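Trainee: Pasting protein08.txt here (compact mmCIF, C-alpha atoms):
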# COMPACT_ATOMS: atom_id res chain seq x y z
CA MET U 584 -4.54 23.33 -10.36
CA GLU U 585 -2.02 20.70 -9.35
CA ARG U 586 -0.16 18.60 -11.91
CA GLY U 587 2.05 15.56 -11.53
CA GLN U 588 3.58 12.53 -13.19
CA ILE U 589 4.11 8.88 -12.37
CA ALA U 590 6.92 7.22 -14.31
CA ILE U 591 5.77 4.04 -16.03
CA THR U 592 9.16 2.46 -15.33
CA SER U 593 8.47 2.82 -11.60
CA LEU U 594 5.45 0.52 -11.84
CA PRO U 595 6.04 -3.26 -11.60
CA GLY U 596 5.03 -4.49 -15.05
CA GLY U 597 4.18 -1.03 -16.39
CA VAL U 598 0.66 0.11 -17.19
CA ASP U 599 -1.69 0.45 -20.15
CA LEU U 600 -4.17 3.09 -19.04
CA GLN U 601 -6.56 2.76 -21.97
CA SER U 602 -7.04 -1.00 -21.68
CA THR U 603 -7.37 -0.66 -17.91
CA VAL U 604 -10.28 1.77 -18.02
CA GLU U 605 -11.86 0.66 -21.33
CA SER U 606 -11.92 -3.11 -20.86
CA GLY U 607 -15.34 -3.50 -19.24
CA GLN U 608 -14.07 -3.46 -15.66
CA SER U 609 -15.20 0.05 -14.85
CA TYR U 610 -17.94 2.41 -15.92
CA LEU U 611 -16.92 5.18 -13.54
CA TRP U 612 -14.28 6.74 -15.79
CA ASP U 613 -14.89 8.84 -18.89
CA ARG U 614 -12.81 10.20 -21.76
CA SER U 615 -12.49 13.93 -22.14
CA ASP U 616 -13.00 13.58 -25.90
CA GLY U 617 -16.31 11.73 -25.43
CA ARG U 618 -15.10 8.54 -27.14
CA MET U 619 -15.21 6.15 -24.19
CA TYR U 620 -15.89 2.57 -25.31
CA ASP U 621 -15.96 3.57 -28.99
CA GLN U 622 -13.87 0.54 -29.92
CA ASP U 623 -13.41 -3.00 -28.73
CA GLY U 624 -9.93 -4.07 -27.70
CA ALA U 625 -8.86 -0.51 -26.92
CA HIS U 626 -5.27 -0.20 -25.71
CA GLY U 627 -2.17 1.93 -25.91
CA GLY U 628 -3.84 5.31 -26.37
CA SER U 629 -2.95 8.71 -24.94
CA ALA U 630 -6.41 10.23 -24.39
CA TRP U 631 -7.29 12.13 -21.24
CA TYR U 632 -9.57 10.23 -18.82
CA TRP U 633 -11.33 11.57 -15.76
CA THR U 634 -13.14 10.37 -12.69
CA THR U 635 -14.10 11.83 -9.33
CA VAL U 636 -13.05 10.94 -5.80
CA ARG U 637 -14.42 12.06 -2.46
CA VAL U 638 -12.12 13.41 0.24
CA ASP U 639 -13.79 14.31 3.54
CA GLY U 640 -17.14 14.27 1.77
CA ARG U 641 -16.11 16.68 -0.98
CA ALA U 642 -15.88 15.55 -4.61
CA HIS U 643 -12.73 16.23 -6.64
CA VAL U 644 -11.98 15.68 -10.33
CA ILE U 645 -8.89 13.75 -11.41
CA ARG U 646 -7.76 13.79 -15.04
CA VAL U 647 -5.02 11.47 -16.27
CA ARG U 648 -3.41 10.39 -19.52
CA GLN U 649 -0.51 8.17 -20.54
CA ARG U 650 2.16 9.86 -22.63
CA ASP U 651 5.93 9.75 -23.12
CA GLY U 652 6.53 7.07 -20.53
CA HIS U 653 4.44 8.69 -17.78
CA LEU U 654 0.98 8.89 -16.34
CA GLU U 655 0.33 12.64 -16.34
CA TRP U 656 -2.40 13.93 -14.04
CA GLU U 657 -4.27 17.14 -13.26
CA SER U 658 -6.45 17.82 -10.22
CA ASP U 659 -7.01 20.25 -7.36
CA ILE U 660 -5.58 17.66 -4.95
CA ASP U 661 -2.55 15.39 -4.98
CA ALA U 662 -3.88 12.69 -7.30
CA THR U 663 -0.96 10.26 -7.05
CA PRO U 664 -2.22 8.22 -4.07
CA HIS U 665 -5.73 8.09 -5.54
CA LEU U 666 -4.46 6.87 -8.91
CA ARG U 667 -2.29 4.25 -7.21
CA ARG U 668 -5.38 2.99 -5.39
CA LEU U 669 -7.94 3.22 -8.20
CA LEU U 670 -5.66 1.75 -10.89
CA ARG U 671 -3.85 -0.75 -8.63
CA LEU U 672 -0.51 0.67 -9.71
CA ASP U 673 1.38 -1.23 -7.01
CA ASP U 674 0.30 -4.66 -8.28
CA ASP U 675 3.30 -6.64 -9.55
CA LEU U 676 2.10 -7.71 -12.99
CA GLU U 677 5.08 -9.98 -13.68
CA ALA U 678 4.50 -11.92 -10.45
CA ILE U 679 0.78 -12.12 -11.12
CA ARG U 680 1.30 -13.40 -14.67
CA ALA U 681 3.67 -16.05 -13.33
CA THR U 682 0.70 -17.65 -11.54
CA ALA U 683 -1.35 -17.99 -14.74
CA PRO U 684 -1.57 -21.27 -16.68
CA ASP U 685 0.59 -21.77 -19.76
CA ASP U 686 -2.44 -22.01 -22.04
CA ALA U 687 -2.41 -20.27 -25.41
CA VAL U 688 -5.53 -18.17 -24.89
CA VAL U 689 -4.31 -16.85 -21.53
CA GLN U 690 -0.76 -16.11 -22.64
CA ASP U 691 -1.88 -14.55 -25.92
CA ALA U 692 -4.23 -12.29 -23.96
CA TYR U 693 -1.43 -11.22 -21.62
CA ASP U 694 0.85 -10.53 -24.60
CA GLU U 695 -1.79 -8.51 -26.45
CA TYR U 696 -2.79 -6.26 -23.56
CA TRP U 697 0.27 -6.29 -21.34
CA GLY U 698 0.12 -3.49 -18.80
CA MET U 699 -3.63 -3.69 -18.24
CA ARG U 700 -4.38 -3.56 -14.54
CA LEU U 701 -7.48 -4.32 -12.57
CA VAL U 702 -9.37 -1.31 -11.26
CA ARG U 703 -10.38 -0.68 -7.66
CA ASP U 704 -13.63 1.24 -8.04
CA PRO U 705 -15.67 2.62 -5.12
CA PRO U 706 -17.97 -0.22 -3.95
CA PHE U 707 -21.31 1.56 -4.32
CA GLY U 708 -20.58 2.85 -7.83
CA SER U 709 -19.27 -0.56 -8.88
CA LEU U 710 -22.38 -2.26 -7.47
CA ILE U 711 -24.81 0.01 -9.30
CA SER U 712 -22.78 -0.20 -12.53
CA PHE U 713 -22.91 -3.96 -12.64
CA ILE U 714 -26.58 -4.10 -11.68
CA CYS U 715 -27.05 -2.07 -14.87
CA SER U 716 -24.86 -4.43 -16.91
CA ALA U 717 -27.34 -7.26 -17.56
CA GLN U 718 -27.90 -7.82 -21.28
CA MET U 719 -26.09 -4.61 -22.16
CA ARG U 720 -23.08 -3.69 -24.27
CA VAL U 721 -20.31 -1.87 -22.45
CA GLY U 722 -21.02 1.44 -24.16
CA ARG U 723 -24.63 1.41 -22.99
CA ILE U 724 -23.64 0.51 -19.42
CA HIS U 725 -21.19 3.39 -19.38
CA GLY U 726 -23.80 5.75 -20.80
CA MET U 727 -26.21 4.83 -18.01
CA GLN U 728 -23.62 5.68 -15.37
CA GLN U 729 -22.89 9.04 -17.00
CA ALA U 730 -26.62 9.78 -17.07
CA LEU U 731 -26.84 9.00 -13.36
CA ARG U 732 -23.88 11.30 -12.70
CA GLU U 733 -25.30 14.21 -14.67
CA THR U 734 -28.81 13.86 -13.24
CA TYR U 735 -28.14 13.15 -9.56
CA GLY U 736 -24.46 13.74 -8.83
CA ASP U 737 -22.98 16.84 -7.26
CA PRO U 738 -21.60 19.31 -9.84
CA VAL U 739 -17.85 19.86 -9.55
CA THR U 740 -16.17 22.80 -11.29
CA PHE U 741 -12.60 22.14 -12.39
CA ASP U 742 -10.42 24.00 -14.88
CA GLY U 743 -13.39 26.00 -16.11
CA GLU U 744 -15.55 22.95 -16.79
CA THR U 745 -18.40 21.37 -14.87
CA TYR U 746 -18.17 17.67 -14.05
CA HIS U 747 -20.48 15.57 -11.89
CA ALA U 748 -19.55 13.22 -9.08
CA TYR U 749 -21.09 9.78 -9.03
CA PRO U 750 -24.30 9.98 -6.98
CA THR U 751 -24.33 8.89 -3.37
CA PRO U 752 -26.72 6.18 -2.13
CA GLU U 753 -28.85 8.91 -0.58
CA GLN U 754 -29.09 10.82 -3.85
CA LEU U 755 -30.21 7.75 -5.80
CA ALA U 756 -32.57 6.60 -3.06
CA ALA U 757 -34.36 9.95 -3.27
CA THR U 758 -35.38 9.50 -6.92
CA THR U 759 -38.18 7.41 -8.41
CA GLU U 760 -38.36 4.29 -10.52
CA GLU U 761 -40.07 6.28 -13.27
CA ALA U 762 -37.25 8.82 -13.36
CA LEU U 763 -34.65 6.06 -13.62
CA ARG U 764 -36.58 4.43 -16.45
CA ASP U 765 -36.60 7.77 -18.24
CA LEU U 766 -32.79 7.67 -18.11
CA GLY U 767 -32.83 4.38 -20.01
CA LEU U 768 -32.36 1.94 -17.15
CA GLY U 769 -35.45 -0.07 -18.13
CA TYR U 770 -36.20 -3.06 -15.93
CA ARG U 771 -33.02 -2.33 -13.96
CA ALA U 772 -34.58 0.85 -12.53
CA PRO U 773 -36.29 -0.78 -9.53
CA TYR U 774 -33.13 -2.81 -8.80
CA VAL U 775 -31.02 0.36 -8.68
CA LEU U 776 -33.57 2.23 -6.57
CA ARG U 777 -34.08 -0.55 -4.05
CA THR U 778 -30.35 -1.27 -3.74
CA ALA U 779 -29.57 2.42 -3.21
CA THR U 780 -32.30 2.57 -0.57
CA MET U 781 -30.85 -0.45 1.25
CA VAL U 782 -27.46 1.24 1.43
CA ALA U 783 -28.82 4.70 2.26
CA GLU U 784 -30.91 3.32 5.11
CA GLY U 785 -28.02 1.32 6.51
CA LYS U 786 -29.69 -2.05 5.93
CA ALA U 787 -26.70 -3.41 3.99
CA ASP U 788 -23.26 -2.19 2.94
CA PRO U 789 -21.29 -3.60 -0.01
CA GLN U 790 -18.08 -2.49 1.70
CA ALA U 791 -18.71 -5.01 4.49
CA ALA U 792 -17.93 -7.85 2.07
CA ARG U 793 -14.26 -6.84 2.07
CA GLU U 794 -13.74 -8.39 5.50
CA MET U 795 -15.35 -11.73 4.66
CA ALA U 796 -14.08 -14.98 3.19
CA TYR U 797 -14.52 -15.01 -0.59
CA GLU U 798 -17.64 -17.15 -1.00
CA ASP U 799 -19.27 -15.54 2.05
CA ALA U 800 -18.56 -12.15 0.48
CA ARG U 801 -20.25 -13.23 -2.75
CA ASP U 802 -23.29 -14.41 -0.81
CA HIS U 803 -23.35 -11.11 1.09
CA LEU U 804 -23.56 -9.10 -2.12
CA THR U 805 -26.41 -11.19 -3.53
CA GLN U 806 -28.73 -9.70 -0.91
CA PHE U 807 -28.82 -6.53 -2.99
CA VAL U 808 -31.71 -6.36 -5.45
CA GLY U 809 -30.65 -7.33 -8.96
CA VAL U 810 -27.39 -8.97 -7.85
CA GLY U 811 -26.73 -12.60 -8.68
CA ASP U 812 -23.47 -14.54 -8.43
CA LYS U 813 -21.95 -13.08 -11.61
CA VAL U 814 -22.62 -9.44 -10.70
CA ALA U 815 -21.39 -10.12 -7.17
CA ASP U 816 -18.14 -11.55 -8.55
CA CYS U 817 -17.67 -8.44 -10.72
CA VAL U 818 -17.98 -6.17 -7.68
CA LEU U 819 -15.66 -8.38 -5.63
CA LEU U 820 -13.02 -8.37 -8.37
CA PHE U 821 -13.18 -4.77 -9.55
CA SER U 822 -13.79 -3.05 -6.24
CA LEU U 823 -13.21 -5.16 -3.14
CA ASP U 824 -9.77 -6.76 -3.72
CA PHE U 825 -10.91 -10.35 -4.30
CA LEU U 826 -8.46 -10.97 -7.12
CA GLN U 827 -9.38 -14.65 -7.26
CA ALA U 828 -12.95 -13.89 -8.38
CA VAL U 829 -13.89 -15.05 -11.88
CA PRO U 830 -17.26 -13.68 -13.07
CA LEU U 831 -18.83 -16.37 -15.23
CA ASP U 832 -20.04 -14.25 -18.13
CA THR U 833 -20.58 -15.32 -21.74
CA TRP U 834 -16.95 -14.85 -22.72
CA ILE U 835 -15.56 -16.85 -19.83
CA LYS U 836 -18.11 -19.61 -20.38
CA THR U 837 -16.85 -19.77 -23.96
CA THR U 838 -13.30 -19.99 -22.66
CA ILE U 839 -14.27 -22.82 -20.32
CA GLU U 840 -16.04 -24.71 -23.11
CA GLU U 841 -13.14 -24.41 -25.56
CA TYR U 842 -10.06 -24.47 -23.32
CA PHE U 843 -10.99 -25.71 -19.84
CA PRO U 844 -13.92 -28.12 -20.34
CA ALA U 845 -13.08 -30.05 -17.16
CA ALA U 846 -13.92 -26.91 -15.17
CA ASP U 847 -17.58 -27.01 -16.23
CA ARG U 848 -19.31 -28.54 -13.22
CA GLY U 849 -22.89 -27.69 -14.17
CA ASN U 850 -23.54 -24.99 -11.57
CA TYR U 851 -22.08 -21.59 -10.74
CA ALA U 852 -20.45 -22.34 -7.39
CA ASP U 853 -18.62 -25.52 -8.43
CA THR U 854 -17.65 -24.20 -11.86
CA SER U 855 -16.35 -21.04 -10.18
CA ARG U 856 -14.10 -23.06 -7.89
CA ALA U 857 -12.78 -25.16 -10.77
CA ILE U 858 -12.04 -22.27 -13.16
CA ARG U 859 -10.39 -20.26 -10.39
CA GLU U 860 -8.01 -23.14 -9.84
CA ALA U 861 -7.44 -23.56 -13.59
CA LEU U 862 -6.64 -19.85 -14.03
CA GLY U 863 -4.09 -19.69 -11.25
CA GLY U 864 -5.95 -19.44 -7.96
CA GLU U 865 -5.12 -16.29 -6.03
CA TYR U 866 -4.91 -14.08 -9.15
CA ALA U 867 -7.38 -15.91 -11.38
CA GLY U 868 -9.37 -12.70 -11.79
CA TYR U 869 -6.44 -11.06 -13.56
CA ALA U 870 -6.24 -13.90 -16.09
CA GLN U 871 -10.02 -13.74 -16.53
CA THR U 872 -9.94 -10.00 -17.25
CA TYR U 873 -7.19 -10.32 -19.83
CA VAL U 874 -9.04 -13.17 -21.55
CA PHE U 875 -12.33 -11.23 -21.46
CA HIS U 876 -10.76 -8.20 -23.13
CA TYR U 877 -8.93 -10.39 -25.64
CA LEU U 878 -11.92 -12.44 -26.74
CA ARG U 879 -14.32 -9.49 -26.78
CA SER U 880 -11.92 -7.68 -29.14
CA GLY U 881 -11.94 -10.62 -31.54
CA GLY U 882 -8.58 -12.08 -30.59
CA ASP U 883 -7.26 -14.99 -32.61
CA ALA U 884 -8.28 -17.36 -29.84
CA ALA U 885 -11.91 -16.32 -30.27
Translate the structure of the given file into structure tokens.

Mentor:
Amino acid sequence: MERGQIAITSLPGGVDLQSTVESGQSYLWDRSDGRMYDQDGAHGGSAWYWTTVRVDGRAHVIRVRQRDGHLEWESDIDATPHLRRLLRLDDDLEAIRATAPDDAVVQDAYDEYWGMRLVRDPPFGSLISFICSAQMRVGRIHGMQQALRETYGDPVTFDGETYHAYPTPEQLAATTEEALRDLGLGYRAPYVLRTATMVAEGKADPQAAREMAYEDARDHLTQFVGVGDKVADCVLLFSLDFLQAVPLDTWIKTTIEEYFPAADRGNYADTSRAIREALGGEYAGYAQTYVFHYLRSGGDAA
């Protein structure tokens, strides 16, 4: 087993690991104590979290926790570059915050959860996760992804325990709608199956969106079954480096209504452009994610 540390002081703006992975951005991490998404507004904790990464086709487990001014990790590979990528540890949070508007709800959210970073999840896992997110609480979405891991993902033995990698497109495409329904996916089951089949057969690739202009990338992702503009924006923001994306979910619509009413243009595309500008443009997705976590936790601004 390899072990390592990343000093929090070496990261521009620091990091809050718990709020990063338990804020509704990602459903591809889990807590070793089984308490993932037990509480709203989670932040500042020192629990162990784990995920899997693939290197040359082989799955590896990475465990990480935040303690005593460091991110401490354990793996059978050098996890530092993977953590820097997955947790966006090189993002300059101070510079990003400087682009945000001086509105109370935005600044209060930044103050409350300072150190939260956006995630950079693998595109396929992010896509399937957010297809499963419709009309679901975060804990249920996460539970669905863990069920998919345990049922279809490759087993990975690490430190005497068995973990499961997130399933590949081919592994999900080989199952049935009935089997996915039995895992609790409900009406999302055919969406997941058909999307996995599209990717497995090479008919479409979510990764291809990375090279496109923002609105073209959003349109590209809506070709996948079960993906509308909001889900597409989630995948763009939390996987494909479009930090300007602002998914227009219930919480952000509430924010627009109460704090940025001029941004409501009556349709998704125009409202999206207006709220991106209102939240700072290039890094509007960061402001959105802080506000989402803040309001969902029952912040004073809610």

Trainee: I'd like the contact shell of Ala779 in chain U - 7 Å cut-off, all atoms listed in the file, skipping same-chain residues fewer than 6 positions apart - returned as a list in words.

Mentor: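 Skipping anything fewer than 6 positions along the chain leaves Pro752, Leu755 and Ala756 of chain U.
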
Trainee: Take the point (-3.3, -2.9, -20.6) as written in the file and pick out every residue within 7 Å of it, counting only C-alpha atoms; give the list as a compact mmCIF listing (two decimals) with C-alpha atoms, in the coordinates of the input.

Mentor:
# COMPACT_ATOMS: atom_id res chain seq x y z
CA VAL U 598 0.66 0.11 -17.19
CA ASP U 599 -1.69 0.45 -20.15
CA LEU U 600 -4.17 3.09 -19.04
CA GLN U 601 -6.56 2.76 -21.97
CA SER U 602 -7.04 -1.00 -21.68
CA THR U 603 -7.37 -0.66 -17.91
CA HIS U 626 -5.27 -0.20 -25.71
CA TYR U 696 -2.79 -6.26 -23.56
CA TRP U 697 0.27 -6.29 -21.34
CA GLY U 698 0.12 -3.49 -18.80
CA MET U 699 -3.63 -3.69 -18.24
CA ARG U 700 -4.38 -3.56 -14.54

Trainee: Tell me which protein, DNA and RNA residues are within 10 Å of Leu594 in chain U, counting only C-alpha atoms, leaving out same-chain ones fewer than 4 positions away, and put them as a list in words.

Mentor: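 The neighbour list is Ile589, Ala590, Val598, Arg667, Arg671, Leu672, Asp673, Asp674, Asp675, Leu676 and Gly698 of chain U.
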
Trainee: Export, as a compact mmCIF listing (two decimals), keeping the file's coordinate frame, the selected residues with C-alpha atoms.

Mentor:
# COMPACT_ATOMS: atom_id res chain seq x y z
CA ILE U 589 4.11 8.88 -12.37
CA ALA U 590 6.92 7.22 -14.31
CA VAL U 598 0.66 0.11 -17.19
CA ARG U 667 -2.29 4.25 -7.21
CA ARG U 671 -3.85 -0.75 -8.63
CA LEU U 672 -0.51 0.67 -9.71
CA ASP U 673 1.38 -1.23 -7.01
CA ASP U 674 0.30 -4.66 -8.28
CA ASP U 675 3.30 -6.64 -9.55
CA LEU U 676 2.10 -7.71 -12.99
CA GLY U 698 0.12 -3.49 -18.80

Trainee: Which of these residues is nearest to Asp742 in chain U, using only C-alpha atoms: U:Gln754, U:Ser593, U:Ser658, U:Ser712?

Mentor: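 Checking each candidate against Asp742 in chain U, we get U:Ser658 as the closest.
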
Trainee: For CA of Arg848 in chain U and CA of Glu860 in chain U, quote the distance in Å rounded to one decimal.

Mentor: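 Value for the CA of Arg848 in chain U-CA of Glu860 in chain U distance: 13.0 Å.
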
Trainee: Between U:Leu826, U:Ile711, U:Ile724, U:Ala748, which has the minimum distance to Pro773 in chain U (counting all atoms listed in the file)?

Mentor: U:Ile711

Trainee: Show me, as a JSON list (two decimals) with C-alpha atoms, in the coordinates of the input, the residues that have an atom within 7 Å of range 650-654 of chain U when counting only C-alpha atoms, minus same-chain residues fewer than 2 positions from it.

Mentor:
[["chain", "number", "residue", "atom", "x", "y", "z"],
["U", 588, "GLN", "CA", 3.58, 12.53, -13.19],
["U", 589, "ILE", "CA", 4.11, 8.88, -12.37],
["U", 590, "ALA", "CA", 6.92, 7.22, -14.31],
["U", 591, "ILE", "CA", 5.77, 4.04, -16.03],
["U", 629, "SER", "CA", -2.95, 8.71, -24.94],
["U", 647, "VAL", "CA", -5.02, 11.47, -16.27],
["U", 648, "ARG", "CA", -3.41, 10.39, -19.52],
["U", 656, "TRP", "CA", -2.40, 13.93, -14.04]]

Trainee: So which one's closest to Leu823 in chain U, U:Phe807, U:Tyr869, U:Phe707, U:Phe741? Using only C-alpha atoms, please.

Mentor: U:Phe707

Trainee: Out of U:Leu710, U:Ala870, U:Met584, U:Cys715, which residue has the shortest atom-to-atom distance to Thr682 in chain U when counting all atoms listed in the file?

Mentor: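 Using all atoms listed in the file, the shortest distance to Thr682 in chain U belongs to U:Ala870.
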
Trainee: May I have the protein, DNA and RNA residues with any atom at most 6 Å from the point (-13.8, 15.2, -24.4), counting all atoms listed in the file, written as number ranges by chain?

Mentor: U: 614-617

Trainee: Have a look at U:Tyr866, U:Phe843, U:Tyr877, U:Phe713 and name the one nearest to Phe825 in chain U; count all atoms listed in the file.

Mentor: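 Closest to Phe825 in chain U of all the choices is U:Tyr866.
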
Trainee: Name all residues at most 12 Å from Gly864 in chain U (count all atoms listed in the file; drop same-chain ones fewer than 3 positions away) and give them as a ChimeraX atom specification.

Mentor: /U:679-684,825-829,855-861,867-871

Trainee: Rounded to one decimal, what separation in Å do you get between CA of Gln728 in chain U and CA of Tyr610 in chain U?

Mentor: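 Atom-to-atom, CA of Gln728 in chain U to CA of Tyr610 in chain U, that is 6.6 Å.
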
Trainee: Measuring atom to atom with all atoms listed in the file, identify which of U:Ile835, U:Ala791, U:Val874, U:Ala642 is nearest to Tyr749 in chain U.

Mentor: U:Ala642

Trainee: Which value, in Å to one decimal, gives the distance between CA of Asp802 in chain U and CA of Asn850 in chain U?

Mentor: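 Those two atoms sit 15.1 Å apart.
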